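K.L.:
What follows is target-v7.pdb, made up of PDB, N, CA and C atoms:
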ATOM      1  N   MET R   4     -41.473 -34.386 -65.317
ATOM      2  CA  MET R   4     -40.695 -35.569 -65.591
ATOM      3  C   MET R   4     -41.593 -36.585 -66.279
ATOM      4  N   ASP R   5     -41.029 -37.194 -67.317
ATOM      5  CA  ASP R   5     -41.740 -38.244 -68.033
ATOM      6  C   ASP R   5     -41.429 -39.581 -67.364
ATOM      7  N   VAL R   6     -42.393 -40.155 -66.656
ATOM      8  CA  VAL R   6     -42.163 -41.404 -65.922
ATOM      9  C   VAL R   6     -41.933 -42.589 -66.844
ATOM     10  N   ASN R   7     -42.160 -42.417 -68.138
ATOM     11  CA  ASN R   7     -41.903 -43.482 -69.106
ATOM     12  C   ASN R   7     -40.505 -43.387 -69.721
ATOM     13  N   ASP R   8     -39.755 -42.355 -69.361
ATOM     14  CA  ASP R   8     -38.395 -42.180 -69.865
ATOM     15  C   ASP R   8     -37.419 -42.690 -68.804
ATOM     16  N   PRO R   9     -36.759 -43.819 -69.055
ATOM     17  CA  PRO R   9     -35.880 -44.397 -68.034
ATOM     18  C   PRO R   9     -34.744 -43.471 -67.608
ATOM     19  N   GLN R  10     -34.249 -42.652 -68.527
ATOM     20  CA  GLN R  10     -33.153 -41.748 -68.177
ATOM     21  C   GLN R  10     -33.632 -40.673 -67.197
ATOM     22  N   GLN R  11     -34.794 -40.096 -67.431
ATOM     23  CA  GLN R  11     -35.317 -39.085 -66.522
ATOM     24  C   GLN R  11     -35.637 -39.685 -65.151
ATOM     25  N   VAL R  12     -36.165 -40.895 -65.141
ATOM     26  CA  VAL R  12     -36.463 -41.565 -63.871
ATOM     27  C   VAL R  12     -35.162 -41.841 -63.121
ATOM     28  N   GLY R  13     -34.126 -42.290 -63.832
ATOM     29  CA  GLY R  13     -32.837 -42.562 -63.206
ATOM     30  C   GLY R  13     -32.199 -41.318 -62.626
ATOM     31  N   ILE R  14     -32.291 -40.213 -63.349
ATOM     32  CA  ILE R  14     -31.733 -38.948 -62.852
ATOM     33  C   ILE R  14     -32.487 -38.493 -61.603
ATOM     34  N   ALA R  15     -33.814 -38.597 -61.631
ATOM     35  CA  ALA R  15     -34.612 -38.212 -60.464
ATOM     36  C   ALA R  15     -34.247 -39.075 -59.258
ATOM     37  N   PHE R  16     -34.068 -40.367 -59.473
ATOM     38  CA  PHE R  16     -33.689 -41.265 -58.379
ATOM     39  C   PHE R  16     -32.307 -40.887 -57.831
ATOM     40  N   ALA R  17     -31.352 -40.629 -58.716
ATOM     41  CA  ALA R  17     -30.006 -40.249 -58.278
ATOM     42  C   ALA R  17     -30.036 -38.946 -57.481
ATOM     43  N   GLU R  18     -30.860 -38.008 -57.904
ATOM     44  CA  GLU R  18     -30.973 -36.742 -57.167
ATOM     45  C   GLU R  18     -31.467 -36.988 -55.747
ATOM     46  N   ILE R  19     -32.425 -37.876 -55.599
ATOM     47  CA  ILE R  19     -32.967 -38.176 -54.274
ATOM     48  C   ILE R  19     -31.922 -38.880 -53.410
ATOM     49  N   VAL R  20     -31.288 -39.895 -53.971
ATOM     50  CA  VAL R  20     -30.326 -40.700 -53.210
ATOM     51  C   VAL R  20     -29.105 -39.878 -52.818
ATOM     52  N   LEU R  21     -28.585 -39.072 -53.763
ATOM     53  CA  LEU R  21     -27.361 -38.316 -53.510
ATOM     54  C   LEU R  21     -27.616 -36.955 -52.861
ATOM     55  N   GLY R  22     -28.860 -36.507 -52.873
ATOM     56  CA  GLY R  22     -29.168 -35.203 -52.284
ATOM     57  C   GLY R  22     -28.633 -34.056 -53.111
ATOM     58  N   VAL R  23     -28.658 -34.204 -54.439
ATOM     59  CA  VAL R  23     -28.161 -33.171 -55.343
ATOM     60  C   VAL R  23     -29.251 -32.825 -56.343
ATOM     61  N   THR R  24     -28.984 -31.805 -57.141
ATOM     62  CA  THR R  24     -29.875 -31.436 -58.226
ATOM     63  C   THR R  24     -29.069 -31.370 -59.513
ATOM     64  N   VAL R  25     -29.491 -32.100 -60.516
ATOM     65  CA  VAL R  25     -28.841 -32.065 -61.823
ATOM     66  C   VAL R  25     -29.443 -30.895 -62.592
ATOM     67  N   SER R  26     -28.578 -30.055 -63.150
ATOM     68  CA  SER R  26     -29.049 -28.867 -63.838
ATOM     69  C   SER R  26     -28.187 -28.587 -65.059
ATOM     70  N   ASP R  27     -28.789 -27.974 -66.059
ATOM     71  CA  ASP R  27     -28.048 -27.537 -67.241
ATOM     72  C   ASP R  27     -27.529 -26.117 -67.068
ATOM     73  N   ASP R  28     -27.968 -25.439 -66.007
ATOM     74  CA  ASP R  28     -27.534 -24.070 -65.752
ATOM     75  C   ASP R  28     -26.107 -24.062 -65.216
ATOM     76  N   PRO R  29     -25.364 -22.968 -65.456
ATOM     77  CA  PRO R  29     -24.015 -22.887 -64.892
ATOM     78  C   PRO R  29     -24.072 -22.845 -63.358
ATOM     79  N   PRO R  30     -23.017 -23.323 -62.696
ATOM     80  CA  PRO R  30     -23.020 -23.318 -61.234
ATOM     81  C   PRO R  30     -22.906 -21.905 -60.672
ATOM     82  N   ASP R  31     -23.342 -21.755 -59.436
ATOM     83  CA  ASP R  31     -23.211 -20.481 -58.726
ATOM     84  C   ASP R  31     -21.727 -20.128 -58.663
ATOM     85  N   PRO R  32     -21.345 -18.904 -59.071
ATOM     86  CA  PRO R  32     -19.930 -18.521 -59.060
ATOM     87  C   PRO R  32     -19.258 -18.627 -57.693
ATOM     88  N   SER R  33     -20.036 -18.557 -56.620
ATOM     89  CA  SER R  33     -19.443 -18.643 -55.288
ATOM     90  C   SER R  33     -19.316 -20.090 -54.802
ATOM     91  N   SER R  34     -19.866 -21.047 -55.568
ATOM     92  CA  SER R  34     -19.747 -22.458 -55.186
ATOM     93  C   SER R  34     -18.360 -22.977 -55.557
ATOM     94  N   ALA R  35     -17.999 -24.116 -55.003
ATOM     95  CA  ALA R  35     -16.683 -24.710 -55.302
ATOM     96  C   ALA R  35     -16.545 -24.971 -56.802
ATOM     97  N   LEU R  36     -17.569 -25.542 -57.418
ATOM     98  CA  LEU R  36     -17.504 -25.819 -58.855
ATOM     99  C   LEU R  36     -17.428 -24.535 -59.664
ATOM    100  N   GLY R  37     -18.179 -23.521 -59.268
ATOM    101  CA  GLY R  37     -18.131 -22.239 -59.955
ATOM    102  C   GLY R  37     -16.755 -21.604 -59.877
ATOM    103  N   ARG R  38     -16.111 -21.733 -58.734
ATOM    104  CA  ARG R  38     -14.767 -21.162 -58.569
ATOM    105  C   ARG R  38     -13.739 -21.918 -59.412
ATOM    106  N   VAL R  39     -13.879 -23.242 -59.493
ATOM    107  CA  VAL R  39     -12.965 -24.045 -60.319
ATOM    108  C   VAL R  39     -13.166 -23.692 -61.791
ATOM    109  N   ARG R  40     -14.402 -23.533 -62.203
ATOM    110  CA  ARG R  40     -14.659 -23.186 -63.607
ATOM    111  C   ARG R  40     -14.090 -21.811 -63.944
ATOM    112  N   ALA R  41     -14.218 -20.856 -63.026
ATOM    113  CA  ALA R  41     -13.659 -19.522 -63.260
ATOM    114  C   ALA R  41     -12.138 -19.597 -63.361
ATOM    115  N   PHE R  42     -11.521 -20.424 -62.523
ATOM    116  CA  PHE R  42     -10.066 -20.593 -62.560
ATOM    117  C   PHE R  42      -9.630 -21.153 -63.911
ATOM    118  N   THR R  43     -10.328 -22.181 -64.397
ATOM    119  CA  THR R  43      -9.929 -22.784 -65.674
ATOM    120  C   THR R  43     -10.172 -21.844 -66.844
ATOM    121  N   GLU R  44     -11.186 -20.992 -66.747
ATOM    122  CA  GLU R  44     -11.409 -20.009 -67.804
ATOM    123  C   GLU R  44     -10.266 -19.000 -67.857
ATOM    124  N   LYS R  45      -9.735 -18.656 -66.692
ATOM    125  CA  LYS R  45      -8.673 -17.646 -66.630
ATOM    126  C   LYS R  45      -7.294 -18.228 -66.935
ATOM    127  N   TYR R  46      -6.991 -19.422 -66.392
ATOM    128  CA  TYR R  46      -5.644 -19.977 -66.497
ATOM    129  C   TYR R  46      -5.544 -21.207 -67.394
ATOM    130  N   GLY R  47      -6.656 -21.766 -67.802
ATOM    131  CA  GLY R  47      -6.651 -22.955 -68.646
ATOM    132  C   GLY R  47      -6.677 -24.234 -67.819
ATOM    133  N   GLU R  48      -7.133 -25.303 -68.458
ATOM    134  CA  GLU R  48      -7.274 -26.580 -67.757
ATOM    135  C   GLU R  48      -5.932 -27.176 -67.334
ATOM    136  N   ASP R  49      -4.874 -26.873 -68.072
ATOM    137  CA  ASP R  49      -3.558 -27.435 -67.740
ATOM    138  C   ASP R  49      -3.021 -26.901 -66.418
ATOM    139  N   ALA R  50      -3.498 -25.741 -65.974
ATOM    140  CA  ALA R  50      -3.033 -25.155 -64.704
ATOM    141  C   ALA R  50      -3.745 -25.756 -63.500
ATOM    142  N   LEU R  51      -4.811 -26.509 -63.735
ATOM    143  CA  LEU R  51      -5.616 -27.061 -62.651
ATOM    144  C   LEU R  51      -4.951 -28.303 -62.068
ATOM    145  N   ARG R  52      -4.774 -28.302 -60.744
ATOM    146  CA  ARG R  52      -4.147 -29.425 -60.042
ATOM    147  C   ARG R  52      -5.074 -29.892 -58.924
ATOM    148  N   PRO R  53      -4.844 -31.088 -58.389
ATOM    149  CA  PRO R  53      -5.715 -31.622 -57.334
ATOM    150  C   PRO R  53      -5.871 -30.679 -56.139
ATOM    151  N   GLU R  54      -4.827 -29.958 -55.787
ATOM    152  CA  GLU R  54      -4.916 -29.059 -54.639
ATOM    153  C   GLU R  54      -5.891 -27.905 -54.880
ATOM    154  N   HIS R  55      -6.170 -27.584 -56.151
ATOM    155  CA  HIS R  55      -7.150 -26.543 -56.439
ATOM    156  C   HIS R  55      -8.557 -26.996 -56.035
ATOM    157  N   PHE R  56      -8.867 -28.273 -56.241
ATOM    158  CA  PHE R  56     -10.177 -28.792 -55.840
ATOM    159  C   PHE R  56     -10.325 -28.751 -54.317
ATOM    160  N   THR R  57      -9.249 -29.109 -53.620
ATOM    161  CA  THR R  57      -9.278 -29.065 -52.154
ATOM    162  C   THR R  57      -9.481 -27.629 -51.681
ATOM    163  N   ALA R  58      -8.737 -26.701 -52.271
ATOM    164  CA  ALA R  58      -8.855 -25.292 -51.894
ATOM    165  C   ALA R  58     -10.266 -24.776 -52.178
ATOM    166  N   ALA R  59     -10.847 -25.164 -53.311
ATOM    167  CA  ALA R  59     -12.203 -24.713 -53.649
ATOM    168  C   ALA R  59     -13.215 -25.229 -52.644
ATOM    169  N   ARG R  60     -13.099 -26.501 -52.267
ATOM    170  CA  ARG R  60     -14.035 -27.061 -51.282
ATOM    171  C   ARG R  60     -13.885 -26.392 -49.929
ATOM    172  N   GLU R  61     -12.663 -26.014 -49.566
ATOM    173  CA  GLU R  61     -12.405 -25.390 -48.259
ATOM    174  C   GLU R  61     -12.650 -23.883 -48.279
ATOM    175  N   GLY R  62     -12.945 -23.303 -49.447
ATOM    176  CA  GLY R  62     -13.209 -21.883 -49.549
ATOM    177  C   GLY R  62     -11.957 -21.018 -49.610
ATOM    178  N   ARG R  63     -10.801 -21.667 -49.806
ATOM    179  CA  ARG R  63      -9.556 -20.906 -49.915
ATOM    180  C   ARG R  63      -9.384 -20.405 -51.346
ATOM    181  N   PRO R  64      -8.525 -19.385 -51.563
ATOM    182  CA  PRO R  64      -8.290 -18.868 -52.922
ATOM    183  C   PRO R  64      -7.613 -19.924 -53.794
ATOM    184  N   LEU R  65      -7.915 -19.888 -55.058
ATOM    185  CA  LEU R  65      -7.286 -20.777 -56.031
ATOM    186  C   LEU R  65      -6.125 -20.025 -56.680
ATOM    187  N   LEU R  66      -4.939 -20.425 -56.329
ATOM    188  CA  LEU R  66      -3.745 -19.733 -56.819
ATOM    189  C   LEU R  66      -3.158 -20.476 -58.014
ATOM    190  N   PRO R  67      -2.663 -19.735 -59.017
ATOM    191  CA  PRO R  67      -2.066 -20.400 -60.193
ATOM    192  C   PRO R  67      -0.769 -21.125 -59.879
TER
END
In structure tokens, write the structure found in this file.
P.N.:
Amino acid sequence: MDVNDPQQVGIAFAEIVLGVTVSDDPPDPSSALGRVRAFTEKYGEDALRPEHFTAAREGRPLLP
């Protein structure tokens, strides 16, 4: 990390505060985000509804 780059410092701080990791890599397919992305690839973004996010977080299947 370049400590003279305010954006990199801000991202590092946010990672610490929020307890997350910012990455350019695709999410794990078994994670909630990975499952939502797979759903949108198969059915398109227009098929995605709020209940799909809830189902993904709870580990339930994402139904069209």
K.L.:
Select, from R:Ala41, R:Gly47, R:Val6, R:Leu36, the residue with the minimum atom-to-atom distance to Ala59 in chain R, counting all atoms listed in the file.
P.N.:
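For Ala59 in chain R, the nearest of the given residues is R:Leu36.
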K.L.:
Hey, what's within 12 Å of Arg40 in chain R if we count only C-alpha atoms and toss same-chain stuff fewer than 3 positions away? As a VMD selection string, please?
P.N.:
chain R and resid 29 to 37 43 to 48 50 to 51 55 to 56 59 65
K.L.:
Quick one: what's the axis-aligned box for range 45-60 of chain R, all listed atoms, 4 Å on every side, centre and edges in Å to one decimal, as JSON?
P.N.:
{"center_x": -8.5, "center_y": -24.6, "center_z": -59.3, "size_x": 19.0, "size_y": 22.0, "size_z": 26.7}
K.L.:
Just want the 10 Å neighbourhood of Val25 in chain R, counted on only C-alpha atoms, with same-chain residues fewer than 3 positions away dropped. Output as number ranges by chain.
P.N.:
R: 14-15, 17-18, 28
K.L.:
Could you work out how far atom N of Leu21 in chain R lies from atom N of Glu61 in chain R, giving the answer in Å with one decimal?
P.N.:
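Straight-line distance from atom N of Glu61 in chain R to atom N of Leu21 in chain R works out to 21.0 Å.
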K.L.:
When you look at Met4 in chain R with a cut-off of 12 Å (counting only C-alpha atoms), what residues show up, excluding the ones that are within fewer than 2 positions of it in the same chain? I need them as a list in words.
P.N.:
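Listing them by chain and then by number gives Val6, Asn7, Asp8, Pro9, Gln10, Gln11, Val12, Gly13, Ile14, Ala15 and Phe16 of chain R.
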